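Text of the file protein.cif, holding mmCIF, C-alpha atoms and all ligand atoms:
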```cif
data_data
loop_
_atom_site.label_atom_id
_atom_site.label_comp_id
_atom_site.auth_asym_id
_atom_site.auth_seq_id
_atom_site.Cartn_x
_atom_site.Cartn_y
_atom_site.Cartn_z
CA MET A 1 98.23 -46.40 -101.29
CA PRO A 2 96.47 -47.96 -104.22
CA ILE A 3 96.52 -51.74 -103.97
CA SER A 4 99.72 -53.41 -105.16
CA SER A 5 100.19 -53.59 -108.90
CA SER A 6 100.20 -57.38 -108.75
CA PHE A 7 96.84 -57.44 -106.90
CA GLU A 8 95.51 -54.92 -109.38
CA ARG A 9 96.52 -57.22 -112.24
CA ARG A 10 94.98 -60.29 -110.65
CA LEU A 11 91.82 -58.37 -109.80
CA GLY A 12 91.52 -56.64 -113.16
CA SER A 13 91.27 -59.93 -114.98
CA VAL A 14 88.37 -61.29 -112.88
CA VAL A 15 86.43 -58.38 -111.44
CA THR A 16 83.87 -57.93 -114.23
CA ARG A 17 83.11 -61.64 -114.35
CA ALA A 18 83.00 -61.90 -110.54
CA ALA A 19 80.60 -58.96 -110.37
CA GLU A 20 78.32 -60.60 -112.92
CA HIS A 21 78.55 -64.03 -111.35
CA PHE A 22 78.21 -63.13 -107.67
CA GLY A 23 76.49 -59.77 -107.94
CA THR A 24 77.67 -56.60 -106.18
CA PRO A 25 78.67 -55.36 -103.69
CA PHE A 26 81.37 -57.62 -102.30
CA HIS A 27 84.65 -57.54 -100.44
CA LEU A 28 87.29 -59.54 -102.27
CA TYR A 29 90.48 -60.71 -100.55
CA ASP A 30 93.69 -61.64 -102.36
CA VAL A 31 95.22 -64.88 -101.05
CA GLN A 32 98.57 -64.26 -102.75
CA GLY A 33 98.92 -60.82 -101.17
CA ILE A 34 98.12 -62.14 -97.68
CA LYS A 35 100.73 -64.89 -98.10
CA ASP A 36 103.28 -62.36 -99.34
CA THR A 37 102.78 -60.30 -96.17
CA CYS A 38 103.21 -63.44 -94.04
CA ASP A 39 106.53 -63.98 -95.86
CA GLU A 40 107.49 -60.37 -95.19
CA PHE A 41 106.96 -60.91 -91.45
CA ASP A 42 108.87 -64.17 -91.40
CA GLN A 43 111.78 -62.74 -93.34
CA ALA A 44 111.96 -59.54 -91.31
CA PHE A 45 112.07 -61.41 -88.00
CA ALA A 46 114.15 -64.41 -89.11
CA GLY A 47 116.57 -65.23 -86.31
CA THR A 48 114.60 -63.31 -83.66
CA PRO A 49 112.31 -65.33 -81.44
CA TYR A 50 108.97 -63.80 -82.42
CA ARG A 51 105.31 -64.63 -82.84
CA GLU A 52 102.50 -62.90 -84.66
CA TYR A 53 98.96 -63.30 -83.31
CA PHE A 54 96.60 -62.03 -85.98
CA ALA A 55 93.93 -59.78 -84.47
CA VAL A 56 90.78 -61.69 -85.39
CA LYS A 57 88.57 -58.59 -85.24
CA ALA A 58 90.28 -57.27 -88.36
CA LEU A 59 89.06 -60.06 -90.66
CA PRO A 60 86.96 -62.64 -88.83
CA ASN A 61 86.35 -64.98 -91.73
CA PRO A 62 87.36 -68.65 -91.29
CA ALA A 63 88.75 -68.93 -94.84
CA ALA A 64 91.08 -65.99 -94.26
CA LEU A 65 92.09 -67.16 -90.77
CA LYS A 66 92.92 -70.58 -92.19
CA ILE A 67 95.51 -69.02 -94.54
CA LEU A 68 97.20 -67.42 -91.53
CA ALA A 69 96.97 -70.51 -89.31
CA ASP A 70 98.62 -72.53 -92.09
CA ARG A 71 101.47 -70.00 -92.05
CA GLY A 72 102.00 -70.52 -88.33
CA PHE A 73 100.33 -67.33 -87.11
CA GLY A 74 98.52 -67.36 -83.77
CA PHE A 75 95.37 -65.35 -83.07
CA ASP A 76 94.44 -62.51 -80.78
CA CYS A 77 90.83 -62.69 -79.61
CA SER A 78 88.73 -60.77 -77.15
CA SER A 79 85.32 -62.39 -77.31
CA LEU A 80 83.92 -65.90 -77.33
CA PRO A 81 82.90 -65.90 -80.99
CA GLU A 82 86.45 -64.82 -81.86
CA LEU A 83 87.85 -67.66 -79.74
CA THR A 84 85.61 -70.10 -81.59
CA LEU A 85 86.78 -68.73 -84.94
CA ALA A 86 90.44 -69.09 -83.96
CA ARG A 87 89.91 -72.66 -82.76
CA GLN A 88 88.04 -73.53 -85.95
CA ALA A 89 90.97 -72.20 -87.96
CA GLY A 90 93.09 -74.83 -86.24
CA ALA A 91 94.68 -72.80 -83.44
CA SER A 92 94.85 -74.24 -79.94
CA GLY A 93 96.39 -73.53 -76.53
CA HIS A 94 98.83 -70.64 -76.51
CA ASP A 95 98.41 -70.13 -80.26
CA ILE A 96 95.53 -68.01 -79.03
CA CYS A 97 95.93 -64.89 -76.94
CA PHE A 98 92.75 -63.71 -75.24
CA THR A 99 93.07 -60.00 -74.60
CA SER A 100 90.64 -59.15 -71.85
CA ASN A 101 88.82 -55.85 -72.02
CA ASN A 102 86.15 -55.43 -69.38
CA THR A 103 85.67 -59.19 -69.54
CA SER A 104 82.98 -61.16 -67.70
CA SER A 105 83.75 -64.16 -65.48
CA ALA A 106 81.99 -66.46 -67.92
CA GLU A 107 84.14 -65.27 -70.82
CA LEU A 108 87.33 -65.59 -68.80
CA GLU A 109 86.41 -69.07 -67.70
CA ALA A 110 85.78 -70.10 -71.31
CA ALA A 111 89.07 -68.54 -72.43
CA VAL A 112 91.04 -70.27 -69.67
CA GLY A 113 89.16 -73.50 -70.30
CA SER A 114 90.14 -73.41 -73.96
CA GLY A 115 93.79 -73.12 -72.97
CA ALA A 116 94.22 -69.63 -74.48
CA LEU A 117 96.84 -67.33 -73.05
CA VAL A 118 95.00 -64.61 -71.12
CA ASN A 119 96.19 -61.03 -71.42
CA VAL A 120 95.12 -59.40 -68.12
CA ASP A 121 94.19 -55.79 -68.64
CA ASP A 122 93.12 -54.89 -65.12
CA GLU A 123 93.44 -56.06 -61.55
CA ALA A 124 89.70 -56.78 -61.56
CA VAL A 125 90.39 -59.52 -64.09
CA LEU A 126 92.87 -61.09 -61.69
CA ASP A 127 90.12 -61.20 -59.01
CA LYS A 128 87.95 -63.12 -61.45
CA LEU A 129 90.76 -65.47 -62.43
CA ALA A 130 91.45 -66.14 -58.74
CA ALA A 131 87.89 -67.41 -58.36
CA LEU A 132 88.36 -70.05 -61.08
CA PRO A 133 89.15 -73.66 -60.12
CA ASP A 134 92.54 -73.43 -61.89
CA VAL A 135 94.48 -70.22 -62.24
CA PRO A 136 96.61 -70.43 -65.42
CA ARG A 137 100.35 -70.90 -64.80
CA THR A 138 101.18 -68.38 -67.53
CA LEU A 139 99.63 -64.95 -67.85
CA CYS A 140 100.27 -61.83 -69.86
CA PHE A 141 99.76 -58.38 -68.33
CA ARG A 142 98.73 -55.37 -70.37
CA VAL A 143 100.48 -52.19 -69.28
CA HIS A 144 98.85 -48.73 -69.56
CA PRO A 145 101.19 -46.34 -71.36
CA GLY A 146 100.52 -43.57 -68.84
CA LYS A 147 100.09 -39.90 -69.42
CA ASP A 148 103.74 -39.03 -70.01
CA ARG A 149 103.46 -40.87 -73.34
CA GLN A 150 100.85 -38.42 -74.54
CA GLY A 151 102.79 -37.06 -77.50
CA ILE A 152 103.12 -40.34 -79.27
CA LEU A 153 99.62 -41.61 -78.71
CA ASP A 154 97.11 -41.92 -81.48
CA SER A 155 95.12 -38.70 -81.32
CA ARG A 156 91.91 -40.51 -82.27
CA LEU A 157 92.11 -42.34 -78.95
CA GLY A 158 91.95 -39.12 -76.97
CA ASP A 159 94.47 -38.29 -74.27
CA ALA A 160 96.44 -41.08 -72.63
CA GLU A 161 94.63 -40.84 -69.31
CA SER A 162 91.33 -41.54 -71.02
CA ALA A 163 92.61 -44.89 -72.34
CA LYS A 164 90.65 -47.73 -70.74
CA PHE A 165 93.20 -50.44 -71.48
CA GLY A 166 95.92 -51.74 -69.26
CA ILE A 167 97.38 -51.64 -65.76
CA PRO A 168 99.12 -48.38 -64.84
CA ALA A 169 102.86 -49.02 -64.64
CA ASP A 170 103.05 -48.08 -60.97
CA ARG A 171 100.50 -50.81 -60.11
CA LEU A 172 102.08 -53.52 -62.24
CA ALA A 173 104.46 -54.96 -59.63
CA HIS A 174 101.65 -55.15 -57.10
CA VAL A 175 99.38 -56.98 -59.57
CA CYS A 176 102.16 -59.37 -60.63
CA ALA A 177 103.01 -60.12 -56.99
CA ARG A 178 99.40 -61.08 -56.45
CA ALA A 179 99.53 -63.29 -59.51
CA GLN A 180 102.63 -64.99 -58.10
CA ARG A 181 100.73 -65.73 -54.90
CA LEU A 182 97.96 -67.26 -57.02
CA GLY A 183 100.52 -69.63 -58.52
CA VAL A 184 101.38 -67.84 -61.77
CA GLU A 185 104.92 -68.82 -62.79
CA SER A 186 105.45 -67.44 -66.32
CA PHE A 187 104.89 -63.82 -67.19
CA GLY A 188 104.57 -61.81 -70.36
CA LEU A 189 103.95 -58.09 -70.83
CA HIS A 190 101.81 -56.31 -73.40
CA MET A 191 101.25 -52.73 -74.50
CA MET A 192 99.48 -51.23 -77.48
CA LEU A 193 99.83 -47.51 -78.01
CA GLY A 194 97.39 -47.06 -80.86
CA SER A 195 96.69 -48.04 -84.42
CA GLY A 196 97.68 -47.12 -87.92
CA TYR A 197 101.22 -45.91 -87.19
CA LEU A 198 103.49 -45.62 -90.21
CA THR A 199 106.62 -44.75 -88.19
CA LEU A 200 108.81 -47.02 -86.09
CA GLU A 201 108.97 -44.83 -82.97
CA PRO A 202 105.76 -45.98 -81.26
CA PHE A 203 106.89 -49.60 -81.42
CA LEU A 204 110.44 -48.90 -80.24
CA LEU A 205 109.02 -46.84 -77.39
CA THR A 206 106.65 -49.67 -76.48
CA LEU A 207 109.56 -52.10 -76.46
CA ASP A 208 111.64 -49.80 -74.24
CA LEU A 209 108.77 -49.27 -71.79
CA LEU A 210 108.10 -53.00 -71.54
CA LEU A 211 111.78 -53.85 -71.13
CA ASP A 212 112.00 -51.26 -68.32
CA GLN A 213 109.09 -52.98 -66.62
CA ALA A 214 110.74 -56.37 -67.11
CA VAL A 215 113.86 -55.11 -65.33
CA ARG A 216 111.72 -53.82 -62.47
CA LEU A 217 109.76 -57.04 -62.11
CA ARG A 218 113.00 -59.01 -62.07
CA ALA A 219 114.53 -56.82 -59.38
CA GLU A 220 111.45 -56.61 -57.18
CA LEU A 221 109.84 -60.01 -57.64
CA GLY A 222 112.42 -62.23 -59.31
CA ILE A 223 110.19 -62.53 -62.37
CA GLU A 224 111.84 -63.34 -65.72
CA VAL A 225 109.53 -61.88 -68.35
CA GLY A 226 109.31 -64.51 -71.10
CA PHE A 227 107.76 -62.43 -73.85
CA VAL A 228 106.81 -58.87 -74.69
CA ASN A 229 103.82 -58.25 -76.93
CA LEU A 230 104.04 -54.92 -78.76
CA GLY A 231 100.38 -55.09 -79.79
CA GLY A 232 98.99 -54.33 -83.20
CA GLY A 233 98.92 -50.90 -84.76
CA LEU A 234 101.34 -51.30 -87.67
CA GLY A 235 99.90 -48.99 -90.30
CA ILE A 236 99.32 -49.32 -94.00
CA PRO A 237 99.54 -46.49 -96.51
CA TYR A 238 95.91 -45.74 -97.30
CA ARG A 239 96.83 -42.60 -99.24
CA PRO A 240 98.77 -42.62 -102.50
CA ASP A 241 101.47 -40.34 -101.05
CA GLU A 242 102.12 -42.45 -97.95
CA ARG A 243 105.03 -44.86 -97.73
CA PRO A 244 104.69 -48.46 -96.60
CA PHE A 245 105.63 -49.35 -93.04
CA ALA A 246 109.32 -50.33 -92.84
CA LEU A 247 108.84 -53.72 -91.21
CA ALA A 248 112.34 -55.05 -91.95
CA GLU A 249 113.87 -51.90 -90.45
CA LEU A 250 111.69 -52.23 -87.35
CA ALA A 251 112.76 -55.85 -86.95
CA GLY A 252 116.42 -54.83 -87.24
CA ARG A 253 116.07 -52.05 -84.66
CA ILE A 254 114.23 -54.39 -82.28
CA ARG A 255 116.93 -57.02 -82.67
CA GLY A 256 119.63 -54.45 -81.90
CA ARG A 257 117.87 -53.18 -78.79
CA LEU A 258 117.24 -56.68 -77.47
CA GLU A 259 120.87 -57.69 -77.95
CA GLU A 260 122.07 -54.63 -76.11
CA TRP A 261 119.52 -55.16 -73.33
CA GLU A 262 120.51 -58.79 -72.96
CA LYS A 263 124.17 -57.84 -72.56
CA ARG A 264 123.47 -55.02 -70.16
CA HIS A 265 121.27 -57.06 -67.84
CA GLY A 266 122.80 -60.49 -68.27
CA VAL A 267 119.43 -62.15 -68.88
CA THR A 268 117.88 -63.92 -71.82
CA ARG A 269 115.92 -61.58 -74.05
CA PRO A 270 112.16 -62.06 -74.09
CA ARG A 271 110.40 -63.26 -77.22
CA VAL A 272 108.80 -60.45 -79.23
CA CYS A 273 105.15 -60.78 -80.19
CA PHE A 274 102.81 -58.72 -82.33
CA GLU A 275 99.09 -58.90 -82.85
CA SER A 276 98.71 -57.05 -86.11
CA GLY A 277 95.47 -56.99 -88.00
CA ARG A 278 95.52 -54.13 -90.46
CA PHE A 279 99.08 -54.70 -91.66
CA VAL A 280 98.52 -58.38 -92.43
CA THR A 281 95.29 -58.28 -94.42
CA GLY A 282 94.31 -54.61 -94.87
CA PRO A 283 95.94 -53.94 -98.26
CA HIS A 284 94.76 -57.27 -99.67
CA GLY A 285 91.06 -56.50 -99.80
CA VAL A 286 88.85 -54.32 -101.99
CA LEU A 287 85.19 -53.46 -101.80
CA VAL A 288 83.68 -53.78 -105.26
CA THR A 289 80.52 -51.77 -105.71
CA ARG A 290 78.42 -50.68 -108.69
CA VAL A 291 77.18 -47.17 -109.46
CA LEU A 292 73.41 -46.95 -108.89
CA ASN A 293 72.78 -43.25 -109.41
CA ARG A 294 74.45 -40.10 -110.63
CA MET A 295 73.04 -37.13 -108.74
CA SER A 296 73.65 -33.42 -109.28
CA LYS A 297 72.96 -31.08 -106.36
CA PHE A 298 75.26 -28.42 -105.00
CA ARG A 299 77.86 -31.10 -105.50
CA GLU A 300 78.14 -34.05 -107.85
CA PHE A 301 77.23 -37.34 -106.15
CA VAL A 302 78.00 -40.88 -107.19
CA GLY A 303 75.60 -43.26 -105.44
CA VAL A 304 76.83 -46.86 -105.18
CA ASP A 305 75.21 -50.12 -104.09
CA ALA A 306 77.36 -50.47 -100.94
CA SER A 307 76.77 -48.45 -97.79
CA MET A 308 78.62 -47.85 -94.57
CA SER A 309 77.26 -51.24 -93.49
CA ALA A 310 80.10 -52.61 -95.66
CA LEU A 311 82.79 -50.14 -94.62
CA MET A 312 82.43 -47.88 -91.60
CA ARG A 313 85.84 -46.28 -91.42
CA PRO A 314 85.30 -43.16 -93.55
CA ALA A 315 82.15 -42.32 -91.57
CA LEU A 316 83.65 -43.21 -88.19
CA TYR A 317 87.03 -41.52 -88.47
CA GLU A 318 87.08 -38.19 -90.17
CA SER A 319 90.68 -38.69 -91.28
CA ALA A 320 90.06 -42.15 -92.72
CA TYR A 321 90.82 -42.29 -96.43
CA HIS A 322 90.19 -45.19 -98.79
CA HIS A 323 91.59 -44.92 -102.28
CA ILE A 324 89.00 -45.46 -105.01
CA THR A 325 89.52 -46.47 -108.62
CA VAL A 326 87.01 -46.95 -111.39
CA HIS A 327 87.34 -50.22 -113.30
CA ASP A 328 88.06 -49.84 -117.02
CA SER A 329 88.12 -46.05 -116.97
CA ALA A 330 91.35 -45.32 -118.84
CA GLY A 331 91.22 -42.09 -120.81
CA ARG A 332 88.15 -40.62 -119.15
CA PRO A 333 88.27 -37.03 -117.89
CA CYS A 334 88.28 -36.47 -114.12
CA GLU A 335 85.55 -34.88 -112.05
CA VAL A 336 85.21 -34.09 -108.36
CA VAL A 337 82.49 -36.08 -106.60
CA ASP A 338 81.22 -37.42 -103.29
CA VAL A 339 80.81 -41.21 -103.35
CA VAL A 340 77.82 -42.14 -101.22
CA GLY A 341 75.83 -45.14 -100.00
CA SER A 342 72.12 -45.56 -99.34
CA LEU A 343 71.91 -45.02 -95.57
CA CYS A 344 69.84 -42.15 -94.18
CA GLU A 345 72.95 -40.62 -92.62
CA ASN A 346 74.78 -37.81 -94.32
CA ASN A 347 78.12 -39.29 -93.32
CA ASP A 348 77.39 -42.45 -95.32
CA LYS A 349 80.15 -41.50 -97.75
CA PHE A 350 83.14 -43.42 -99.02
CA ALA A 351 84.81 -40.27 -100.34
CA ARG A 352 84.25 -36.56 -100.12
CA GLN A 353 85.24 -34.18 -102.91
CA ARG A 354 87.40 -36.78 -104.62
CA ALA A 355 88.73 -36.44 -108.16
CA LEU A 356 87.72 -39.58 -110.03
CA PRO A 357 87.39 -40.55 -113.68
CA ALA A 358 83.87 -39.59 -114.82
CA VAL A 359 81.51 -42.45 -114.04
CA SER A 360 78.04 -43.43 -115.11
CA GLU A 361 75.41 -45.85 -113.87
CA GLY A 362 76.58 -49.43 -113.91
CA ASP A 363 80.32 -48.69 -113.57
CA LEU A 364 82.30 -50.71 -111.05
CA LEU A 365 84.14 -48.83 -108.31
CA LEU A 366 86.96 -50.46 -106.36
CA ILE A 367 87.36 -49.15 -102.83
CA HIS A 368 90.84 -50.12 -101.71
CA ASP A 369 92.34 -51.45 -98.48
CA THR A 370 89.26 -53.16 -97.09
CA GLY A 371 91.03 -56.33 -95.98
CA ALA A 372 90.93 -55.30 -92.31
CA HIS A 373 88.39 -53.56 -90.07
CA ALA A 374 85.93 -53.29 -92.94
CA HIS A 375 83.34 -56.06 -93.25
CA SER A 376 83.85 -56.89 -89.57
CA MET A 377 82.84 -53.40 -88.46
CA GLY A 378 79.64 -53.53 -90.47
CA PHE A 379 76.25 -53.15 -88.89
CA THR A 380 72.66 -53.24 -90.05
CA TYR A 381 71.32 -49.83 -89.09
CA ASN A 382 68.56 -48.66 -91.40
CA GLY A 383 68.08 -52.22 -92.65
CA ARG A 384 71.19 -51.96 -94.80
CA LEU A 385 72.58 -55.47 -94.88
CA ARG A 386 76.19 -56.60 -94.93
CA PRO A 387 77.70 -57.71 -98.26
CA GLN A 388 79.25 -61.01 -99.28
CA GLU A 389 82.95 -61.81 -99.02
CA LEU A 390 84.96 -63.46 -101.81
CA LEU A 391 88.44 -64.93 -101.94
CA LEU A 392 90.68 -64.54 -104.99
CA HIS A 393 92.93 -67.60 -105.25
CA PRO A 394 96.37 -67.48 -106.89
CA ASP A 395 95.05 -69.59 -109.81
CA GLY A 396 92.54 -66.84 -110.65
CA SER A 397 89.48 -68.63 -109.30
CA VAL A 398 87.11 -66.73 -107.01
CA GLU A 399 85.43 -68.40 -104.06
CA ARG A 400 82.49 -67.13 -102.03
CA ILE A 401 83.47 -67.32 -98.35
CA ARG A 402 80.45 -65.50 -96.91
CA ARG A 403 77.08 -64.86 -98.49
CA ALA A 404 75.37 -61.50 -98.34
CA GLU A 405 73.07 -60.98 -95.39
CA SER A 406 69.41 -61.58 -96.16
CA GLN A 407 66.20 -60.15 -94.75
CA GLN A 408 65.81 -63.47 -92.97
CA ASP A 409 69.08 -62.85 -91.13
CA TYR A 410 67.90 -59.37 -90.26
CA PHE A 411 64.72 -60.72 -88.71
CA ALA A 412 66.32 -63.82 -87.16
CA THR A 413 66.61 -62.49 -83.61
CA LEU A 414 62.91 -61.60 -83.48
CA ASP A 415 62.28 -65.32 -83.51
CA CYS A 416 62.73 -65.58 -79.73
CA THR A 417 61.07 -67.55 -76.96
CA PRO A 418 58.11 -65.49 -75.77
CA ALA A 419 58.78 -64.19 -72.28
CA ARG A 420 57.23 -61.48 -70.17
CA LEU A 421 58.11 -60.37 -66.66
CA ALA A 422 55.00 -59.49 -64.65
CA ALA A 423 54.69 -55.88 -63.43
CA PRO A 424 55.72 -55.37 -59.76
CA GLY A 425 53.02 -56.53 -57.33
CA VAL A 426 51.24 -58.68 -59.90
CA THR A 427 51.44 -62.39 -59.24
C1 LIG B 1 92.43 -53.97 -82.57
C2 LIG B 1 93.55 -54.60 -81.85
C3 LIG B 1 94.65 -55.10 -82.55
C4 LIG B 1 94.84 -54.94 -84.05
O1 LIG B 1 95.08 -53.63 -84.41
P1 LIG B 1 95.63 -53.28 -85.87
O2 LIG B 1 95.68 -51.80 -85.89
O3 LIG B 1 94.68 -53.85 -86.85
O4 LIG B 1 96.98 -53.90 -86.02
C5 LIG B 1 95.62 -55.76 -81.85
N1 LIG B 1 95.53 -55.92 -80.51
C6 LIG B 1 94.49 -55.46 -79.80
C7 LIG B 1 94.45 -55.67 -78.34
C8 LIG B 1 93.47 -54.78 -80.45
O5 LIG B 1 92.44 -54.30 -79.73
#
```
Can the structure from this file be put into structure tokens for me?
Amino acid sequence: MPISSSFERRLGSVVTRAAEHFGTPFHLYDVQGIKDTCDEFDQAFAGTPYREYFAVKALPNPAALKILADRGFGFDCSSLPELTLARQAGASGHDICFTSNNTSSAELEAAVGSGALVNVDDEAVLDKLAALPDVPRTLCFRVHPGKDRQGILDSRLGDAESAKFGIPADRLAHVCARAQRLGVESFGLHMMLGSGYLTLEPFLLTLDLLLDQAVRLRAELGIEVGFVNLGGGLGIPYRPDERPFALAELAGRIRGRLEEWEKRHGVTRPRVCFESGRFVTGPHGVLVTRVLNRMSKFREFVGVDASMSALMRPALYESAYHHITVHDSAGRPCEVVDVVGSLCENNDKFARQRALPAVSEGDLLLIHDTGAHAHSMGFTYNGRLRPQELLLHPDGSVERIRRAESQQDYFATLDCTPARLAAPGVT
């Protein structure tokens, strides 16, 4: 969906000046919009014990994380730099969930040492935790959805059996029993079926599957599951004809199911957690880029000064769509174009065969919904450097929160301690 009309208004009044002042390209994030989505979460789940752990990988900028920390959000991390970011934003202890994913002993030790809640995604992780001086008293266990959930899985992830995340349900009790023997006393369960869902079903199914497992663990091991984490994956309407995710309805359905479950089993319902990224910040960012070249070949091409180093999704996922508008283009006729960057890759395109108002060199294009999984996915292939990030404050001021990458940054890792391992047999 195009960005909200209120963001569009706020943006429209500053974008030309911001482009002149800071130069293009840049991602710009709307503080008011992010706060509004925090409110939406809080209102939807009012009265239900819940917690949202923002998935740091979606928007790993301290200024953005600080907004969320101030609103009481926790953070979901899965690497040491992400842990550091979350701690710098003010989160501590179980405000941080560390979702392991083929994690090394050193990373686990650092996560445990920082007091983060570890989300165990395989029995091998438990082996590594067992070797630490102190095994955490509370652990979360990620459950593999299993192949009978095929139909509902995100097709981009491949078939369910190919998913690398989580402990197969039929191994869960065994793994939890081992954790009990290691001294673990409090348990949570986690499952994430995929990403970008606009319907409620995947989340209700996740809840049902986790509640089933909670009943099993209680019967077999006497474990009272304290919380269920339904993962991230709440979608946003990237396309103009898509409808927003019905968060309030989801919250209502979850509440209903938990009440019924509580009555049926005579136990206290677990707390519900999410670790959304896209839903929280995705719609509140735009990539602002200037037209460098108009090119006529078999198709019409609009070349802009951003590349896939700033936004990978359209190149990475064939179905990924980002709405594009042209600033100050009212009344212009439309034409069908491909919007392309400068990388020597033919899939370095922000849009293919898109009808846009006719543009010329120097025009500003706004690529919508880049508040999540955009700058953070960037890379520097072909020497194309990552752009700056700006924050639009509710008072209309614009703050730079990350500078553009420079050639110096690009060459920084070449500045390493000289080292050479002698060939075998040479002393
Ligand atoms: C990527 C990821 C998320 C966030 O996904 P969104 O689709 O942005 O909500 C949450 N949890 C885990 C474990 C992830 O890997």
Could I get the residue neighbourhood of ligand LIG 1 (chain B) at 7 Å, counting all atoms listed in the file, as a short mmCIF file (atom, residue, chain, number, x, y, z; two decimals) with C-alpha atoms, keeping the file's coordinate frame?
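Output file out.cif follows:
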```cif
data_model
loop_
_atom_site.label_atom_id
_atom_site.label_comp_id
_atom_site.auth_asym_id
_atom_site.auth_seq_id
_atom_site.Cartn_x
_atom_site.Cartn_y
_atom_site.Cartn_z
CA ALA A 55 93.93 -59.78 -84.47
CA LYS A 57 88.57 -58.59 -85.24
CA ALA A 58 90.28 -57.27 -88.36
CA ASP A 76 94.44 -62.51 -80.78
CA THR A 99 93.07 -60.00 -74.60
CA MET A 192 99.48 -51.23 -77.48
CA SER A 195 96.69 -48.04 -84.42
CA GLY A 196 97.68 -47.12 -87.92
CA GLY A 231 100.38 -55.09 -79.79
CA GLY A 232 98.99 -54.33 -83.20
CA GLY A 233 98.92 -50.90 -84.76
CA LEU A 234 101.34 -51.30 -87.67
CA GLY A 235 99.90 -48.99 -90.30
CA GLU A 275 99.09 -58.90 -82.85
CA SER A 276 98.71 -57.05 -86.11
CA GLY A 277 95.47 -56.99 -88.00
CA ARG A 278 95.52 -54.13 -90.46
CA PHE A 279 99.08 -54.70 -91.66
CA ALA A 372 90.93 -55.30 -92.31
#
```
**Straight-line distance linking atom CA of Phe301 of chain A with atom CA of Glu405 of chain A, stated in Å to one decimal** =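 That distance, rounded to one decimal, is 26.3 Å.
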**Nearest candidate to Glu201 of chain A (options A:Asp241, A:Glu52, A:Glu249, A:Glu260; using all atoms listed in the file)** =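 Between A:Asp241, A:Glu52, A:Glu249, A:Glu260, the residue approaching Glu201 of chain A most closely is A:Glu249.
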**Request:** Could you check how far atom CA of Val340 of chain A sits from atom CA of His284 of chain A, in Å to one decimal?
**Result:** 22.8 Å
**Contacts of Ala248 of chain A at 9 Å (only C-alpha atoms; same-chain gap of 3+ positions) as a list in words** =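 Listing them by chain and then by number gives Glu40, Phe41, Gln43, Ala44, Phe45, Phe245, Ala251, Gly252 and Arg253 of chain A.
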**Asked** Which one is closest to Asp122 of chain A: A:His144, A:Arg354, A:His375, A:Tyr381? Count only C-alpha atoms.
**Response**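 Going through A:His144, A:Arg354, A:His375, A:Tyr381 one by one, the smallest distance to Asp122 of chain A is for A:His144.
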**Message:** Would you pick out the contacts of Leu204 of chain A at 9 Å or less, using only C-alpha atoms, so that residues sharing its chain but fewer than 5 positions from it are not included, and give the list as a list of chain:residue names?
**Reply:**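 Neighbouring residues, sequence-local ones excluded: A:Leu209, A:Leu230, A:Leu250, A:Arg253, A:Ile254, A:Arg257.
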**Request:** May I have the residues at most 9 Å from (102.7, -59.2, -104.5) in the file's coordinates, counting only C-alpha atoms, as a ChimeraX atom specification?
**Result:** /A:4-7,32-37
**Message:** Excluding segment 268-270 of chain A and its own-chain neighbours fewer than 4 positions away, which residues fall within 9 Å of it when counting all atoms listed in the file? Please give them as a list in words.
**Reply:** Pro49, Gly188, Leu211, Glu224, Val225, Gly226, Phe227, Val228, Leu258, Glu259, Trp261, Glu262 and Lys263 of chain A
For segment 243-262 of chain A, I'd like the enclosing box, axis-aligned and padded by 6 Å on every side, reported as JSON with centre and edge lengths in Å to one decimal.
```
{"center_x": 113.4, "center_y": -51.8, "center_z": -85.3, "size_x": 29.4, "size_y": 25.9, "size_z": 36.8}
```
**Message:** Residues within 9 Å of (93.3, -64.9, -85.3), file coordinates, counting only C-alpha atoms: what are they? Give the list as a ChimeraX atom specification.
**Reply:** /A:53-60,65-66,68-69,73-77,82-83,85-87,89,91,95-97,275,277
**Asked** Which value, in Å to one decimal, gives the distance between atom CA of Arg400 of chain A and atom CA of Ala64 of chain A?
**Response**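 So the answer is 11.6 Å.
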**Prompt:** Nearest to Val337 of chain A: which of A:Ser309, A:Gln407, A:Ser296, A:Asn229 is it, counting all atoms listed in the file?
**Reply:** A:Ser296
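Using all atoms listed in the file, the smallest distance between any of A:Ser186, A:Thr199, A:Gln353, A:Asn101 and Ala163 of chain A comes from A:Asn101.
Of the listed residues A:Tyr50, A:Tyr410, A:Phe98, A:Phe26, the one whose atoms come nearest to Cys273 of chain A is A:Tyr50, with distances taken using only C-alpha atoms.
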**Prompt:** Looking at A:Gly303, A:Gly383, A:Pro133, A:Gly90, which one is nearest to Phe350 of chain A, with distances taken over all atoms listed in the file?
**Reply:**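 Residue with the minimum atom-to-atom distance to Phe350 of chain A: A:Gly303.
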**Item:** Residues near Thr24 of chain A, cut-off 12 Å, all atoms listed in the file, skip fewer than 4 positions along chain, as a VMD selection string
**Value:** chain A and resid 15 to 20 28 287 to 292 304 to 307 310 362 to 366 386 to 390 403 to 404
Residue contacts of Met377 of chain A (7 Å, all atoms listed in the file) excluding same-chain residues fewer than 3 positions away, as a PDB file with C-alpha atoms, in the frame of the given file:
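And here's around_38.pdb as it stands now:
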```pdb
ATOM      1  CA  LEU A 311      82.790 -50.140 -94.620  1.00  0.00           C
ATOM      2  CA  MET A 312      82.430 -47.880 -91.600  1.00  0.00           C
ATOM      3  CA  HIS A 373      88.390 -53.560 -90.070  1.00  0.00           C
ATOM      4  CA  ALA A 374      85.930 -53.290 -92.940  1.00  0.00           C
TER       5      ALA A 374
END
```
